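Novice: This one is my_file08.txt, compact mmCIF, C-alpha atoms and all ligand atoms.
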# COMPACT_ATOMS: atom_id res chain seq x y z
CA MET O 623 -20.45 12.86 -17.80
CA THR O 624 -24.17 13.00 -17.08
CA ASP O 625 -25.61 13.33 -13.61
CA SER O 626 -27.13 9.88 -13.65
CA SER O 627 -23.91 8.03 -14.51
CA LYS O 628 -22.13 6.06 -11.85
CA ILE O 629 -18.88 7.29 -10.32
CA PRO O 630 -16.64 4.29 -9.62
CA SER O 631 -14.13 4.15 -6.78
CA PHE O 632 -11.47 3.55 -9.43
CA ASP O 633 -11.49 3.06 -13.21
CA LEU O 634 -8.54 1.27 -14.77
CA THR O 635 -9.98 1.50 -18.28
CA ARG O 636 -9.44 5.26 -18.31
CA ASN O 637 -5.82 4.73 -17.36
CA TYR O 638 -5.24 2.06 -20.01
CA ALA O 639 -6.61 4.40 -22.67
CA ARG O 640 -3.77 6.82 -21.87
CA VAL O 641 -0.94 4.31 -22.30
CA LYS O 642 -2.47 1.77 -24.67
CA GLU O 643 0.05 2.19 -27.51
CA GLU O 644 3.09 1.94 -25.24
CA ILE O 645 1.69 -1.05 -23.39
CA ASN O 646 0.73 -2.91 -26.53
CA VAL O 647 4.24 -2.48 -27.96
CA ALA O 648 5.79 -3.78 -24.73
CA VAL O 649 3.49 -6.81 -24.55
CA LEU O 650 4.16 -7.74 -28.20
CA ARG O 651 7.90 -7.44 -27.57
CA VAL O 652 7.64 -10.10 -24.85
CA LEU O 653 5.38 -12.33 -26.95
CA GLU O 654 7.99 -12.32 -29.74
CA THR O 655 10.67 -13.59 -27.33
CA GLN O 656 8.40 -16.28 -25.79
CA HIS O 657 10.38 -15.81 -22.58
CA PHE O 658 7.84 -15.47 -19.82
CA ILE O 659 9.34 -16.10 -16.39
CA LEU O 660 11.95 -13.79 -14.83
CA GLY O 661 14.69 -13.08 -17.41
CA ASN O 662 15.84 -9.82 -19.03
CA GLU O 663 12.58 -7.95 -18.77
CA VAL O 664 12.31 -8.60 -15.02
CA GLU O 665 15.98 -7.75 -14.45
CA ALA O 666 15.56 -4.47 -16.31
CA LEU O 667 12.53 -3.62 -14.20
CA GLU O 668 14.41 -4.50 -11.01
CA ARG O 669 17.22 -2.13 -12.00
CA GLU O 670 14.83 0.67 -12.91
CA LEU O 671 12.91 0.30 -9.66
CA ALA O 672 16.14 0.25 -7.64
CA ALA O 673 17.19 3.49 -9.34
CA TYR O 674 13.78 5.05 -8.74
CA LEU O 675 13.73 4.15 -5.04
CA GLU O 676 17.48 4.82 -4.62
CA VAL O 677 18.10 1.39 -3.14
CA LYS O 678 20.78 -1.15 -3.93
CA ASN O 679 18.49 -4.03 -4.93
CA THR O 680 14.93 -4.92 -5.73
CA VAL O 681 13.63 -8.46 -6.25
CA GLY O 682 10.43 -9.05 -8.22
CA CYS O 683 7.99 -11.70 -7.00
CA ALA O 684 4.46 -12.96 -7.54
CA SER O 685 2.45 -10.59 -5.30
CA GLY O 686 2.63 -8.09 -2.49
CA THR O 687 1.63 -10.83 -0.09
CA ASP O 688 4.56 -12.95 -1.27
CA ALA O 689 6.89 -9.96 -0.92
CA LEU O 690 5.89 -9.82 2.75
CA VAL O 691 6.26 -13.60 3.15
CA LEU O 692 9.72 -13.55 1.51
CA ALA O 693 10.81 -10.73 3.82
CA MET O 694 9.58 -12.62 6.88
CA MET O 695 11.25 -15.84 5.71
CA ALA O 696 14.52 -13.96 5.41
CA LEU O 697 14.26 -12.95 9.08
CA ASP O 698 14.37 -16.63 10.15
CA LEU O 699 11.73 -16.16 12.84
CA LYS O 700 11.83 -18.71 15.67
CA PRO O 701 8.68 -19.77 17.53
CA GLY O 702 7.76 -17.00 19.96
CA ASP O 703 9.56 -14.29 18.01
CA GLU O 704 7.49 -11.14 17.87
CA VAL O 705 6.83 -8.76 15.02
CA ILE O 706 5.13 -5.48 15.88
CA THR O 707 2.58 -4.26 13.35
CA THR O 708 -0.67 -2.34 13.00
CA PRO O 709 -4.15 -3.87 13.42
CA PHE O 710 -5.53 -1.31 10.95
CA THR O 711 -4.31 -2.67 7.63
CA PHE O 712 -4.92 -5.25 4.94
CA PHE O 713 -4.86 -8.83 6.24
CA ALA O 714 -1.62 -9.86 4.48
CA THR O 715 0.44 -7.55 6.70
CA ALA O 716 -0.17 -9.81 9.70
CA SER O 717 -0.70 -13.20 8.03
CA CYS O 718 2.85 -13.13 6.63
CA ILE O 719 4.10 -13.11 10.24
CA THR O 720 2.08 -16.11 11.38
CA ARG O 721 2.81 -18.02 8.18
CA CYS O 722 6.51 -17.72 8.97
CA GLY O 723 6.08 -18.91 12.55
CA GLY O 724 6.15 -15.51 14.24
CA LYS O 725 3.74 -13.82 16.61
CA PRO O 726 2.07 -10.56 15.54
CA VAL O 727 2.07 -7.97 18.30
CA PHE O 728 -0.21 -5.06 17.52
CA ALA O 729 0.45 -1.39 18.22
CA ASP O 730 -2.36 1.13 17.82
CA VAL O 731 -2.45 3.79 15.12
CA ASP O 732 -2.35 7.57 15.09
CA PRO O 733 -5.85 9.09 14.73
CA VAL O 734 -4.65 11.78 12.30
CA THR O 735 -2.57 9.75 9.82
CA TYR O 736 -4.11 6.30 10.51
CA ASN O 737 -0.51 5.01 10.54
CA ILE O 738 1.06 2.93 13.31
CA SER O 739 2.06 5.09 16.28
CA SER O 740 5.80 5.37 16.93
CA GLU O 741 5.06 5.76 20.62
CA ASP O 742 3.01 2.58 20.80
CA ILE O 743 5.69 0.67 18.86
CA MET O 744 8.25 1.61 21.50
CA ALA O 745 5.80 0.62 24.26
CA LYS O 746 5.34 -2.85 22.73
CA LEU O 747 9.03 -3.77 22.45
CA THR O 748 10.08 -6.89 24.37
CA PRO O 749 13.23 -9.02 24.35
CA ARG O 750 11.41 -11.24 21.80
CA THR O 751 10.83 -8.42 19.30
CA ARG O 752 12.61 -9.34 16.06
CA ALA O 753 11.10 -6.83 13.67
CA VAL O 754 8.71 -3.95 13.25
CA LEU O 755 6.37 -4.06 10.25
CA PRO O 756 4.91 -0.59 9.69
CA VAL O 757 2.39 -0.01 6.88
CA HIS O 758 2.50 3.22 4.91
CA LEU O 759 -1.27 3.25 4.85
CA PHE O 760 -3.32 4.80 2.03
CA GLY O 761 -0.16 6.32 0.48
CA GLN O 762 1.45 8.15 3.36
CA MET O 763 4.76 7.13 4.91
CA CYS O 764 5.13 6.53 8.63
CA PRO O 765 7.69 8.86 10.23
CA LEU O 766 10.23 6.06 10.54
CA GLU O 767 13.02 8.50 11.33
CA GLU O 768 11.50 8.70 14.83
CA ILE O 769 12.27 5.07 15.61
CA ARG O 770 14.89 3.93 13.12
CA ASP O 771 18.07 4.56 15.09
CA GLU O 772 16.69 3.19 18.34
CA LEU O 773 15.48 -0.02 16.66
CA LYS O 774 18.76 -0.42 14.84
CA SER O 775 20.72 -0.13 18.06
CA ARG O 776 18.61 -2.97 19.49
CA GLY O 777 19.12 -5.15 16.40
CA ILE O 778 15.44 -5.01 15.40
CA ALA O 779 14.66 -5.04 11.67
CA ILE O 780 12.19 -2.69 10.01
CA VAL O 781 10.17 -4.23 7.18
CA GLU O 782 8.12 -1.55 5.44
CA ASP O 783 4.78 -2.53 3.94
CA CYS O 784 4.85 -0.18 0.93
CA ALA O 785 1.99 -1.85 -0.96
CA GLN O 786 -0.03 1.38 -0.94
CA ALA O 787 2.79 3.89 -1.03
CA ILE O 788 5.10 3.55 -4.00
CA GLY O 789 6.52 7.02 -4.67
CA ALA O 790 5.66 8.41 -1.24
CA HIS O 791 8.56 9.93 0.62
CA ARG O 792 9.73 11.66 3.76
CA MET O 793 12.52 14.16 4.15
CA ILE O 794 15.07 12.44 6.38
CA ASP O 795 18.36 14.13 7.25
CA GLY O 796 17.70 16.72 4.55
CA ARG O 797 17.22 14.09 1.82
CA VAL O 798 14.21 12.65 0.03
CA ALA O 799 13.77 9.11 1.37
CA ARG O 800 11.23 7.10 -0.60
CA SER O 801 9.12 4.37 0.92
CA GLY O 802 11.03 1.10 0.81
CA SER O 803 14.42 2.78 1.20
CA VAL O 804 14.42 3.41 4.95
CA GLY O 805 14.07 0.00 6.60
CA THR O 806 15.88 -3.30 6.22
CA MET O 807 13.43 -4.30 3.48
CA GLY O 808 10.40 -2.84 1.73
CA CYS O 809 7.48 -4.86 0.35
CA PHE O 810 5.52 -3.65 -2.68
CA SER O 811 2.41 -4.86 -4.47
CA PHE O 812 1.67 -4.41 -8.16
CA PHE O 813 -1.97 -5.44 -7.77
CA PRO O 814 -3.80 -3.66 -10.62
CA THR O 815 -5.41 -0.97 -8.46
CA LYS O 816 -2.23 0.04 -6.59
CA ASN O 817 -0.51 3.28 -7.63
CA LEU O 818 1.89 1.22 -9.76
CA GLY O 819 -0.21 -1.72 -10.85
CA CYS O 820 0.40 -4.44 -13.41
CA TYR O 821 -2.24 -6.40 -15.34
CA GLY O 822 -2.42 -9.36 -12.98
CA ASP O 823 -0.59 -10.16 -9.75
CA GLY O 824 2.92 -8.95 -8.99
CA GLY O 825 5.12 -7.77 -6.16
CA MET O 826 8.62 -6.79 -5.17
CA VAL O 827 10.97 -6.66 -2.21
CA SER O 828 13.36 -3.72 -1.98
CA ILE O 829 16.60 -4.25 -0.10
CA PRO O 830 18.21 -0.83 0.38
CA LYS O 831 21.67 -1.86 1.58
CA ASP O 832 22.34 -5.50 2.42
CA GLU O 833 23.66 -7.33 -0.68
CA ALA O 834 23.69 -10.76 1.00
CA LEU O 835 20.06 -10.31 2.07
CA ALA O 836 19.08 -9.45 -1.52
CA GLN O 837 20.76 -12.62 -2.80
CA ARG O 838 18.97 -14.64 -0.13
CA ILE O 839 15.57 -13.29 -1.23
CA LYS O 840 16.42 -14.00 -4.87
CA SER O 841 17.11 -17.57 -3.88
CA LEU O 842 14.03 -17.89 -1.65
CA ARG O 843 11.76 -16.91 -4.57
CA VAL O 844 13.05 -19.85 -6.65
CA HIS O 845 12.60 -22.66 -4.09
CA GLY O 846 15.75 -21.72 -2.19
CA ALA O 847 18.00 -22.63 -5.09
CA THR O 848 21.28 -20.80 -5.66
CA THR O 849 21.88 -22.56 -8.98
CA THR O 850 19.11 -24.46 -10.75
CA TYR O 851 18.38 -27.80 -9.03
CA PHE O 852 20.79 -27.11 -6.14
CA HIS O 853 18.90 -26.03 -3.01
CA GLU O 854 20.54 -24.33 -0.05
CA GLU O 855 17.25 -24.18 1.81
CA VAL O 856 13.52 -24.62 1.24
CA GLY O 857 12.06 -21.53 -0.39
CA ILE O 858 8.84 -20.87 -2.29
CA ASN O 859 7.87 -20.43 -5.93
CA SER O 860 7.18 -16.72 -6.30
CA ARG O 861 8.34 -15.20 -9.55
CA LEU O 862 7.38 -12.10 -11.47
CA ASP O 863 6.63 -12.81 -15.10
CA ALA O 864 8.08 -10.98 -18.08
CA LEU O 865 4.74 -9.70 -19.38
CA GLN O 866 4.00 -7.99 -16.07
CA ALA O 867 7.55 -6.62 -15.90
CA ALA O 868 7.24 -5.13 -19.40
CA ILE O 869 3.92 -3.54 -18.49
CA LEU O 870 5.36 -2.20 -15.23
CA ARG O 871 8.36 -0.69 -17.03
CA VAL O 872 5.96 1.37 -19.16
CA ARG O 873 3.82 2.35 -16.21
CA LEU O 874 6.79 3.23 -13.98
CA ARG O 875 7.67 6.00 -16.43
CA HIS O 876 4.28 7.59 -15.70
CA LEU O 877 4.16 6.97 -11.96
CA GLU O 878 5.39 10.39 -10.84
CA GLY O 879 2.84 12.16 -13.06
CA TRP O 880 -0.01 9.95 -11.89
CA ASN O 881 0.92 10.42 -8.25
CA GLU O 882 0.91 14.19 -8.82
CA GLU O 883 -2.56 13.91 -10.35
CA ARG O 884 -3.74 11.97 -7.29
CA ARG O 885 -2.46 14.81 -5.11
CA ILE O 886 -4.41 17.33 -7.19
CA VAL O 887 -7.57 15.21 -6.81
CA ALA O 888 -6.98 15.16 -3.03
CA GLU O 889 -6.51 18.91 -2.86
CA ARG O 890 -9.67 19.51 -4.85
CA TYR O 891 -11.71 17.26 -2.51
CA MET O 892 -10.42 19.28 0.41
CA LEU O 893 -11.36 22.62 -1.19
CA LEU O 894 -14.80 21.38 -2.24
CA MET O 895 -15.57 20.04 1.23
CA ALA O 896 -14.45 23.27 2.85
CA GLU O 897 -16.58 25.29 0.40
CA LYS O 898 -19.61 23.22 1.33
CA GLY O 899 -18.97 23.70 5.05
CA LEU O 900 -18.56 19.95 5.56
CA LEU O 901 -15.40 19.92 7.63
CA ASP O 902 -17.27 19.50 10.94
CA LEU O 903 -18.96 16.38 9.61
CA VAL O 904 -16.25 14.89 7.43
CA THR O 905 -12.57 14.87 8.38
CA PRO O 906 -10.29 14.83 5.32
CA PRO O 907 -6.99 12.93 5.44
CA ALA O 908 -4.04 14.91 6.76
CA GLU O 909 -0.59 15.11 5.26
CA LEU O 910 2.16 14.97 7.84
CA ALA O 911 4.78 17.75 7.60
CA GLY O 912 7.99 16.67 5.90
CA GLY O 913 6.46 14.06 3.64
CA ARG O 914 4.68 13.44 0.35
CA HIS O 915 1.38 11.57 0.45
CA VAL O 916 0.57 9.72 -2.79
CA TYR O 917 -3.12 9.12 -2.02
CA HIS O 918 -3.50 5.49 -2.95
CA GLN O 919 -6.83 6.05 -1.23
CA TYR O 920 -8.59 9.22 -0.17
CA VAL O 921 -9.99 8.16 3.17
CA VAL O 922 -12.14 10.51 5.22
CA ARG O 923 -13.68 10.02 8.63
CA ALA O 924 -17.42 10.61 8.42
CA LYS O 925 -20.21 10.97 10.96
CA ARG O 926 -22.92 8.30 10.43
CA ARG O 927 -20.63 6.55 7.98
CA ASP O 928 -22.81 3.55 7.13
CA GLU O 929 -25.85 5.67 6.36
CA LEU O 930 -23.73 8.03 4.28
CA GLN O 931 -22.31 5.12 2.32
CA SER O 932 -25.76 3.70 1.47
CA PHE O 933 -26.98 7.16 0.51
CA LEU O 934 -24.03 7.68 -1.83
CA ASP O 935 -24.48 4.23 -3.30
CA ALA O 936 -28.10 4.99 -4.10
CA ARG O 937 -26.94 8.18 -5.82
CA GLY O 938 -24.39 6.30 -7.96
CA VAL O 939 -21.24 7.14 -6.01
CA THR O 940 -19.17 4.08 -5.11
CA THR O 941 -17.23 4.24 -1.86
CA ARG O 942 -15.35 1.60 0.14
CA VAL O 943 -14.53 0.88 3.75
CA TYR O 944 -10.86 0.12 4.39
CA TYR O 945 -10.97 -1.60 6.88
CA PRO O 946 -14.18 -2.62 8.65
CA LEU O 947 -12.66 -5.01 11.23
CA PRO O 948 -9.24 -4.44 12.83
CA LEU O 949 -6.97 -7.47 12.77
CA HIS O 950 -6.93 -8.06 16.54
CA LEU O 951 -10.68 -8.80 16.27
CA GLN O 952 -10.42 -11.21 13.32
CA HIS O 953 -11.54 -14.72 14.12
CA CYS O 954 -8.33 -16.31 12.81
CA PHE O 955 -6.26 -14.27 15.28
CA SER O 956 -8.49 -14.88 18.32
CA TYR O 957 -5.77 -17.16 19.75
CA LEU O 958 -3.69 -14.02 20.27
CA GLY O 959 -6.24 -12.94 22.88
CA GLY O 960 -7.27 -9.62 21.30
CA LYS O 961 -10.55 -8.12 22.45
CA LYS O 962 -12.69 -5.07 21.83
CA GLY O 963 -11.20 -1.99 23.47
CA ASP O 964 -7.55 -3.09 23.07
CA PHE O 965 -6.87 -0.67 20.21
CA PRO O 966 -9.37 2.14 20.56
CA VAL O 967 -8.09 4.30 17.72
CA SER O 968 -8.14 1.44 15.19
CA GLU O 969 -11.62 0.45 16.36
CA MET O 970 -12.89 4.02 16.09
CA LEU O 971 -11.46 4.33 12.57
CA ALA O 972 -13.06 1.04 11.51
CA ASP O 973 -16.43 2.63 12.34
CA GLU O 974 -15.79 6.00 10.71
CA VAL O 975 -13.56 5.68 7.64
CA LEU O 976 -14.85 5.96 4.11
CA ALA O 977 -12.75 5.90 0.94
CA LEU O 978 -14.07 8.29 -1.71
CA PRO O 979 -13.45 7.66 -5.42
CA MET O 980 -9.75 8.26 -6.09
CA PHE O 981 -7.74 7.71 -9.26
CA PRO O 982 -5.63 10.00 -11.43
CA GLU O 983 -8.27 10.33 -14.15
CA LEU O 984 -11.15 11.29 -11.84
CA LEU O 985 -12.78 14.39 -13.34
CA PRO O 986 -13.31 17.66 -11.44
CA GLU O 987 -17.04 17.52 -12.24
CA GLU O 988 -17.22 14.01 -10.81
CA GLN O 989 -15.55 15.20 -7.62
CA GLU O 990 -18.04 18.04 -7.41
CA ARG O 991 -20.87 15.55 -7.68
CA VAL O 992 -19.36 13.36 -4.94
CA VAL O 993 -19.07 16.30 -2.56
CA ASN O 994 -22.52 17.67 -3.48
CA GLU O 995 -24.05 14.29 -2.66
CA ILE O 996 -22.25 14.22 0.69
CA ALA O 997 -23.57 17.71 1.42
CA ASP O 998 -27.08 16.57 0.40
CA PHE O 999 -26.90 13.67 2.82
CA TYR O 1000 -26.02 15.81 5.82
CA ALA O 1001 -28.49 18.54 4.81
CA SER O 1002 -31.39 16.10 4.48
CA ARG O 1003 -30.62 13.63 7.27
CA GLY O 1004 -27.93 15.27 9.36
C1 LIG O 1101 -2.43 -4.79 -1.39
C2 LIG O 1101 -1.76 -4.94 -0.10
C3 LIG O 1101 -0.98 -6.05 0.23
C4 LIG O 1101 -0.94 -7.31 -0.58
O1 LIG O 1101 -0.66 -7.18 -1.91
P1 LIG O 1101 -1.15 -8.30 -2.96
O2 LIG O 1101 -0.34 -7.95 -4.18
O3 LIG O 1101 -2.61 -8.13 -3.15
O4 LIG O 1101 -0.79 -9.62 -2.43
C5 LIG O 1101 -0.29 -6.05 1.44
N1 LIG O 1101 -0.38 -5.01 2.28
C6 LIG O 1101 -1.14 -3.94 2.02
C7 LIG O 1101 -1.18 -2.82 3.01
C8 LIG O 1101 -1.87 -3.87 0.83
O5 LIG O 1101 -2.64 -2.80 0.59
Can the structure in the file be given as structure tokens, please?
Specialist:
Amino acid sequence: MTDSSKIPSFDLTRNYARVKEEINVAVLRVLETQHFILGNEVEALERELAAYLEVKNTVGCASGTDALVLAMMALDLKPGDEVITTPFTFFATASCITRCGGKPVFADVDPVTYNISSEDIMAKLTPRTRAVLPVHLFGQMCPLEEIRDELKSRGIAIVEDCAQAIGAHRMIDGRVARSGSVGTMGCFSFFPTKNLGCYGDGGMVSIPKDEALAQRIKSLRVHGATTTYFHEEVGINSRLDALQAAILRVRLRHLEGWNEERRIVAERYMLLMAEKGLLDLVTPPAELAGGRHVYHQYVVRAKRRDELQSFLDARGVTTRVYYPLPLHLQHCFSYLGGKKGDFPVSEMLADEVLALPMFPELLPEEQERVVNEIADFYASRG
């Protein structure tokens, strides 16, 4: 790796090189069967994922967005029903609510974890609250144990957005509880860059306990049919295909190792930034006690973020901003009446966050270069 080469924010080709033989065998196996939609391969994946998450059922679907839509459909939202979620997330977290006729109600996030604040969730509850939709942002689980029992006693569902946090966990009641196993449902994305990605679009809903709910989601993903051509209700077409399932079965076997490697990358960033005396200028992400962060992204808060990002770009280091505009300020949600100042923590983060390159195969010398360039920026222009 020479000094002039570019450092990408992620590099899937390096990952493919590590599993190429296994993947190619799996893909050829599916091609021989010529069975492409749902079927044995998808069912096997669903069983393996259920075992991994320690949940009763998982249901594969076409994307993480669809997983969220299917979960919202299964709640049977009536006009005016409210779903509490975070404004500091990917768009799909809130659009699934409006697409299913519900009203998103935002609760601000915690400045340390960037995750939705349990306190603000409780403050936003009304008699119309049907569900809470927390996002385990950047790979770290929300401390759902703080609100789970109270919400359950009020009959409010928890739908976890696990798109960025497969394999993350919290210790709850002395046991490892993985993301997607704590709420009523969990929604996962297999978008290629997620910690468990496929080679196209894919998603999944986990249903930890409720067997009837799992059957309902299975039916909703095939146009609401219970048997072919007999429709109990109007669903959508959102299936996982066999090629993606076969690829995911290979990659699931490596997930724990890759998540561990992400954690090592995160730790090394932290040490390098401390060594360079950067911790007054750049705030590294924090891991909440009692949980395991899987670092889908390594997101710091940085002084003079925009200038830093352009500087790094000019030096060949690619960074990203997740997310530049909180959802309450998005044009499409202006009818909800959100305005600047409503969610000060989310708005502050939108101005300060910067995602540094993060993927399991990122080299120590590349990380050193990233941190050296950050140090250069603050030394020359700070
Ligand atoms: C990626 C992502 C989604 C959507 O997943 P797709 O598979 O791209 O549809 C939803 N929520 C969050 C938080 C995400 O990061």
Novice: Give me the residues of chain O that have any atom at most 9 Å from an atom of ligand LIG 1101 (chain O); for each, the nearest atom pair and the distance in Å, rounded to one decimal. Use all atoms listed in the file, sort by chain and number, and format it as JSON lines.
Specialist:
{"residue": "O:Ala684", "atom": "CA", "partner": "O:LIG1101", "partner_atom": "O2", "distance": 7.7}
{"residue": "O:Ser685", "atom": "CA", "partner": "O:LIG1101", "partner_atom": "O2", "distance": 4.0}
{"residue": "O:Gly686", "atom": "CA", "partner": "O:LIG1101", "partner_atom": "O2", "distance": 3.4}
{"residue": "O:Thr687", "atom": "CA", "partner": "O:LIG1101", "partner_atom": "O4", "distance": 3.6}
{"residue": "O:Asp688", "atom": "CA", "partner": "O:LIG1101", "partner_atom": "O4", "distance": 6.4}
{"residue": "O:Ala689", "atom": "CA", "partner": "O:LIG1101", "partner_atom": "O4", "distance": 7.8}
{"residue": "O:Leu690", "atom": "CA", "partner": "O:LIG1101", "partner_atom": "C5", "distance": 7.4}
{"residue": "O:Thr711", "atom": "CA", "partner": "O:LIG1101", "partner_atom": "C7", "distance": 5.6}
{"residue": "O:Phe712", "atom": "CA", "partner": "O:LIG1101", "partner_atom": "C7", "distance": 4.9}
{"residue": "O:Phe713", "atom": "CA", "partner": "O:LIG1101", "partner_atom": "N1", "distance": 7.1}
{"residue": "O:Ala714", "atom": "CA", "partner": "O:LIG1101", "partner_atom": "C5", "distance": 5.1}
{"residue": "O:Thr715", "atom": "CA", "partner": "O:LIG1101", "partner_atom": "N1", "distance": 5.2}
{"residue": "O:Ala716", "atom": "CA", "partner": "O:LIG1101", "partner_atom": "N1", "distance": 8.8}
{"residue": "O:Val757", "atom": "CA", "partner": "O:LIG1101", "partner_atom": "C7", "distance": 6.0}
{"residue": "O:His758", "atom": "CA", "partner": "O:LIG1101", "partner_atom": "C7", "distance": 7.3}
{"residue": "O:Leu759", "atom": "CA", "partner": "O:LIG1101", "partner_atom": "C7", "distance": 6.3}
{"residue": "O:Phe760", "atom": "CA", "partner": "O:LIG1101", "partner_atom": "O5", "distance": 7.8}
{"residue": "O:Asp783", "atom": "CA", "partner": "O:LIG1101", "partner_atom": "N1", "distance": 6.0}
{"residue": "O:Cys784", "atom": "CA", "partner": "O:LIG1101", "partner_atom": "C7", "distance": 6.9}
{"residue": "O:Ala785", "atom": "CA", "partner": "O:LIG1101", "partner_atom": "C8", "distance": 4.7}
{"residue": "O:Gln786", "atom": "CA", "partner": "O:LIG1101", "partner_atom": "O5", "distance": 5.2}
{"residue": "O:Ala787", "atom": "CA", "partner": "O:LIG1101", "partner_atom": "O5", "distance": 8.8}
{"residue": "O:Cys809", "atom": "CA", "partner": "O:LIG1101", "partner_atom": "C5", "distance": 7.9}
{"residue": "O:Phe810", "atom": "CA", "partner": "O:LIG1101", "partner_atom": "O1", "distance": 7.2}
{"residue": "O:Ser811", "atom": "CA", "partner": "O:LIG1101", "partner_atom": "O2", "distance": 4.1}
{"residue": "O:Phe812", "atom": "CA", "partner": "O:LIG1101", "partner_atom": "O2", "distance": 5.7}
{"residue": "O:Phe813", "atom": "CA", "partner": "O:LIG1101", "partner_atom": "O2", "distance": 4.7}
{"residue": "O:Pro814", "atom": "CA", "partner": "O:LIG1101", "partner_atom": "O2", "distance": 8.5}
{"residue": "O:Thr815", "atom": "CA", "partner": "O:LIG1101", "partner_atom": "C1", "distance": 8.6}
{"residue": "O:Lys816", "atom": "CA", "partner": "O:LIG1101", "partner_atom": "C1", "distance": 7.1}
{"residue": "O:Asp823", "atom": "CA", "partner": "O:LIG1101", "partner_atom": "O2", "distance": 6.0}
{"residue": "O:Gly824", "atom": "CA", "partner": "O:LIG1101", "partner_atom": "O2", "distance": 5.9}
{"residue": "O:Gly825", "atom": "CA", "partner": "O:LIG1101", "partner_atom": "O2", "distance": 5.8}
Novice: Under the rule that only C-alpha atoms are counted, which of O:His853, O:Glu987, O:Asn859, O:Phe955 is the nearest residue to Thr720 (chain O)?
Specialist: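 That would be O:Phe955, the residue with the smallest distance to Thr720 (chain O).
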Novice: Identify, on the basis of all atoms listed in the file, every residue whose closest approach to Asp902 (chain O) does not exceed 12 Å; exclude the query and any residue fewer than 2 positions from it along the same chain; express the result as a list in words.
Specialist: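 Contacts, in chain order: Met895, Ala896, Lys898, Gly899, Leu900, Val904, Thr905, Pro906, Val922, Arg923, Ala924, Lys925, Ala997, Tyr1000 and Gly1004 of chain O.
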Novice: Do you know which residues are at most 12 Å from Arg721 (chain O) counting all atoms listed in the file, after dropping those on the same chain fewer than 2 positions away, and could you put them as an NGL selection string?
Specialist: :O and (687-688 or 690-695 or 698-701 or 714-719 or 723-726)
Novice: As a ChimeraX atom specification, please: the residues near Ser932 (chain O) (cut-off 12 Å, all atoms listed in the file, same-chain neighbours under 2 positions excluded).
Specialist: /O:926-930,934-943,976,995-996,999
Novice: In Å, rounded to a single decimal, give me how far CA of Ile869 (chain O) is from CA of Asn646 (chain O).
Specialist: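 Here the two named atoms are 8.7 Å from each other.
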Novice: Rounded to one decimal, what separation in Å do you get between CA of Ala847 (chain O) and CA of Pro756 (chain O)?
Specialist: 29.6 Å
Novice: Please determine, counting all atoms listed in the file, which residue among O:Val647, O:Val781, O:Val727, O:Ile788 has the shortest atom-to-atom distance to Leu877 (chain O).
Specialist: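 For Leu877 (chain O), the nearest of the given residues is O:Ile788.
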